[in-house]
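Colleague: Take this structure, written in structure tokens, and hold onto it; I'll ask about it next.
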Amino acid sequence: MAGPVIRTYKAGSIIYFEKDKAEEIFVLQNGRIALSYTSIDNHVEVKEEVKKGEFFGVKSALGKYPREETAQVLMNSSVLVFKYYDFEEFVANKTHLILKMMKVFSNQLRQIHSKVREQLGQLAEARSPSYELMNVGEVFYQNEEFGHAIYAFKRYLHHYPGGKYSQRAQELLNLAEKNSPFPTHLPPLVYEVEKPTARSDSGGPASASQIQESSLSFKDLFNKGLKFFNSKNFNEAFPIYKSLVEKQVATPEEAKLQGQANFYYGICQKNLGKTDASYTTLSLYVKNFPKGEKVKEAILNLAQISEQRNDVDKAILLYNKVAMMPPGDQFTLEARKKAAQLKG
């Protein structure tokens, strides 16, 4: 990892403007920096100062949409600057940091949603999720918040591909992506009830079991996958663990289970003949969860894959590593035996 670089800015300078292309993430080391943006409810400019040690520019960089605010330097300041991929590596095994950012983003999203519904006079009663999603997207669009509008329309089309508003959503999405004004010819959005169409990993309609799984808690879904895994039903376990490693975690318990899910996902890939993907998944598991309870077994499987690839030196190195890892167990014995065989 190349890591972050340090930049210094003079008072009065601008780090980035609202609507600029977002590629970097910043951390204030010292000095004073203010973020200014226009509130969605009354269109008044709001300014918030960044505290020392705080990240800023995260959402737009991770979401790959234009900046939502302008970052202005109030007094001489120095900041750490991460590229997107460097930041991903930096936070990969820092669960506490991920959870902290998720909490902040979740609170911000709730505040935005509350303000949108207040504008629409809907605080008393929420309507169907499909209607609210479209309605929120259109309010963002009408306020020229194109990034948020595009995200809302895409989520609608993902969850309701054949929904009552799908044609309208696609039309507005196409226009919003061009930053075109909200179309005046479009009639007002009419409330109608509809049910979501769950999506499979391939993009088509989900099976009944996938729809049922979507309602399970993280822990229940993990345990369901484990039952399939322990009975060597890797075809059934694979999509469950794939969904778990892609989910956003909300608690330390879920973060711990997700770490284990990465291991089981890699083993499923290996048993289904996806050896290259398995090697990548298990390598990332070892790197990101160095104290994980399945690390020793993961390295053993990496050694086995290396042996299958005829990368004998790599296999011996990994087998020896397993043999030296405590505690002494069946993995230790197997690794010693395999290393000796390969050495001849």
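Labels used: A, B, ... for chains in the order of the structure tokens, numbers from 1 for residues in each chain, and numbers from 1 for ligands as shown.
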Counting only C-alpha atoms, what is within 10 Å of segment 233-247 of chain A, bar same-chain residues fewer than 2 positions away, as a compact mmCIF listing (two decimals) with N, CA and C atoms, in the first residue's frame?
Modeller:
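Generated file (result.txt):
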```txt
# COMPACT_ATOMS: atom_id res chain seq x y z
N SER A 200 -31.66 -11.89 -7.75
CA SER A 200 -30.61 -12.86 -7.50
C SER A 200 -29.27 -12.22 -7.80
N ASP A 201 -28.17 -12.95 -7.53
CA ASP A 201 -26.84 -12.42 -7.81
C ASP A 201 -26.64 -12.20 -9.30
N GLN A 210 -34.05 -17.50 -1.81
CA GLN A 210 -33.31 -16.24 -1.71
C GLN A 210 -34.16 -15.14 -1.10
N GLU A 213 -34.27 -15.81 2.56
CA GLU A 213 -33.00 -15.49 3.20
C GLU A 213 -32.84 -14.00 3.44
N SER A 214 -33.42 -13.19 2.54
CA SER A 214 -33.26 -11.74 2.68
C SER A 214 -33.90 -11.20 3.94
N PHE A 218 -28.41 -11.35 10.20
CA PHE A 218 -27.05 -11.70 9.79
C PHE A 218 -26.62 -13.02 10.43
N LYS A 219 -26.87 -13.15 11.73
CA LYS A 219 -26.46 -14.35 12.46
C LYS A 219 -27.21 -15.58 11.98
N LEU A 221 -28.57 -16.07 9.07
CA LEU A 221 -28.11 -16.40 7.72
C LEU A 221 -26.75 -17.08 7.77
N PHE A 222 -25.89 -16.61 8.67
CA PHE A 222 -24.57 -17.24 8.84
C PHE A 222 -24.73 -18.69 9.28
N ASN A 223 -25.60 -18.93 10.25
CA ASN A 223 -25.81 -20.28 10.76
C ASN A 223 -26.44 -21.19 9.71
N LYS A 224 -27.31 -20.63 8.87
CA LYS A 224 -27.89 -21.41 7.79
C LYS A 224 -26.81 -21.86 6.81
N GLY A 225 -25.91 -20.93 6.49
CA GLY A 225 -24.80 -21.27 5.61
C GLY A 225 -23.90 -22.33 6.22
N LEU A 226 -23.70 -22.24 7.54
CA LEU A 226 -22.82 -23.18 8.24
C LEU A 226 -23.38 -24.60 8.20
N LYS A 227 -24.72 -24.72 8.27
CA LYS A 227 -25.35 -26.05 8.19
C LYS A 227 -25.08 -26.69 6.83
N PHE A 228 -25.21 -25.91 5.78
CA PHE A 228 -24.92 -26.43 4.44
C PHE A 228 -23.44 -26.77 4.32
N PHE A 229 -22.58 -25.89 4.87
CA PHE A 229 -21.14 -26.09 4.77
C PHE A 229 -20.72 -27.38 5.49
N ASN A 230 -21.21 -27.58 6.70
CA ASN A 230 -20.84 -28.76 7.48
C ASN A 230 -21.32 -30.05 6.86
N SER A 231 -22.39 -29.97 6.07
CA SER A 231 -22.88 -31.17 5.37
C SER A 231 -22.28 -31.27 3.97
N VAL A 249 -22.08 -4.33 7.65
CA VAL A 249 -22.28 -4.76 9.03
C VAL A 249 -22.67 -3.57 9.90
N ALA A 250 -23.44 -3.87 10.95
CA ALA A 250 -23.93 -2.79 11.81
C ALA A 250 -23.48 -2.94 13.25
N GLU A 254 -21.66 -8.73 14.08
CA GLU A 254 -21.78 -8.96 12.65
C GLU A 254 -20.42 -8.86 11.96
N ALA A 255 -19.58 -7.92 12.42
CA ALA A 255 -18.25 -7.77 11.84
C ALA A 255 -17.42 -9.03 12.06
N LEU A 257 -18.64 -12.12 12.55
CA LEU A 257 -19.22 -13.18 11.72
C LEU A 257 -18.84 -12.99 10.25
N GLN A 258 -18.76 -11.73 9.81
CA GLN A 258 -18.39 -11.48 8.42
C GLN A 258 -16.96 -11.93 8.16
N GLY A 259 -16.09 -11.75 9.16
CA GLY A 259 -14.73 -12.24 9.01
C GLY A 259 -14.70 -13.74 8.78
N GLN A 260 -15.48 -14.48 9.58
CA GLN A 260 -15.55 -15.93 9.41
C GLN A 260 -16.20 -16.30 8.07
N ALA A 261 -17.19 -15.50 7.67
CA ALA A 261 -17.87 -15.77 6.40
C ALA A 261 -16.89 -15.69 5.23
N ASN A 262 -15.90 -14.79 5.31
CA ASN A 262 -14.88 -14.70 4.27
C ASN A 262 -14.13 -16.01 4.12
N PHE A 263 -13.82 -16.64 5.25
CA PHE A 263 -13.13 -17.93 5.22
C PHE A 263 -14.00 -18.99 4.55
N TYR A 264 -15.24 -19.13 5.03
CA TYR A 264 -16.12 -20.16 4.48
C TYR A 264 -16.41 -19.92 3.00
N TYR A 265 -16.50 -18.66 2.62
CA TYR A 265 -16.72 -18.31 1.22
C TYR A 265 -15.54 -18.81 0.37
N GLY A 266 -14.32 -18.59 0.86
CA GLY A 266 -13.13 -19.05 0.13
C GLY A 266 -13.08 -20.55 0.00
N ILE A 267 -13.46 -21.28 1.06
CA ILE A 267 -13.45 -22.74 1.02
C ILE A 267 -14.51 -23.25 0.05
N CYS A 268 -15.68 -22.60 0.04
CA CYS A 268 -16.72 -22.98 -0.92
C CYS A 268 -16.21 -22.80 -2.35
N GLN A 269 -15.55 -21.68 -2.61
CA GLN A 269 -15.00 -21.44 -3.94
C GLN A 269 -14.02 -22.56 -4.32
N LYS A 270 -13.19 -22.95 -3.39
CA LYS A 270 -12.20 -24.00 -3.67
C LYS A 270 -12.89 -25.31 -4.02
N ASN A 271 -13.90 -25.68 -3.23
CA ASN A 271 -14.59 -26.96 -3.46
C ASN A 271 -15.47 -26.94 -4.70
N LEU A 272 -15.78 -25.76 -5.20
CA LEU A 272 -16.58 -25.67 -6.43
C LEU A 272 -15.70 -25.44 -7.66
```
Colleague: Considering only C-alpha atoms, return as a list of chain:residue names whatever protein or nucleic-acid residues lie within 7 Å of Ile14 of chain A, sequence-local ones (same chain, fewer than 6 positions apart) excluded.
Modeller: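 With the cut-off at 7 Å, the set is A:Ala71, A:Gln72, A:Val73.
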Colleague: For Leu342 of chain A, work out the shell of residues within 12 Å, counting only C-alpha atoms and skipping chain neighbours fewer than 2 positions away, then give it as a list of chain:residue names.
Modeller: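 The neighbour list is A:Ala303, A:Gln304, A:Ser306, A:Glu307, A:Gln308, A:Asn310, A:Asp311, A:Val312, A:Asp313, A:Lys314, A:Ala315, A:Ile316, A:Leu317, A:Leu318, A:Tyr319, A:Asn320, A:Ala335, A:Arg336, A:Lys337, A:Lys338, A:Ala339, A:Ala340, A:Gly344.
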Colleague: State, in Å with one decimal place, the distance from atom CA of Lys83 of chain A to atom CA of Pro4 of chain A.
Modeller: 7.2 Å
Colleague: Between atom CA of Phe82 of chain A and atom CA of Phe146 of chain A, what distance in Å does the model show, to one decimal?
Modeller: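 Atom-to-atom, atom CA of Phe82 of chain A and atom CA of Phe146 of chain A are spaced 25.2 Å apart.
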Colleague: Neighbouring residues of segment 43-57 of chain A were defined as those with any atom within 7 Å, considering only C-alpha atoms; residues of the same chain fewer than 5 positions away were excluded. Please report them as a short mmCIF file (atom, residue, chain, number, x, y, z; two decimals) with C-alpha atoms, in the first residue's frame.
Modeller:
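Below is the file that was written, out_5.cif:
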```
data_model
loop_
_atom_site.label_atom_id
_atom_site.label_comp_id
_atom_site.auth_asym_id
_atom_site.auth_seq_id
_atom_site.Cartn_x
_atom_site.Cartn_y
_atom_site.Cartn_z
CA ILE A 25 -10.39 11.18 1.09
CA PHE A 26 -8.94 13.61 3.61
CA VAL A 27 -8.04 13.65 7.32
CA LEU A 28 -7.39 16.94 9.13
CA GLN A 29 -4.06 16.84 10.97
CA ASN A 30 -3.97 20.44 12.17
CA ILE A 33 -11.23 23.59 7.64
CA ALA A 34 -14.94 24.23 7.08
CA LEU A 35 -17.38 22.29 4.90
CA SER A 36 -20.19 24.37 3.39
CA TYR A 37 -23.30 23.08 1.64
CA THR A 38 -26.89 24.08 0.96
#
```
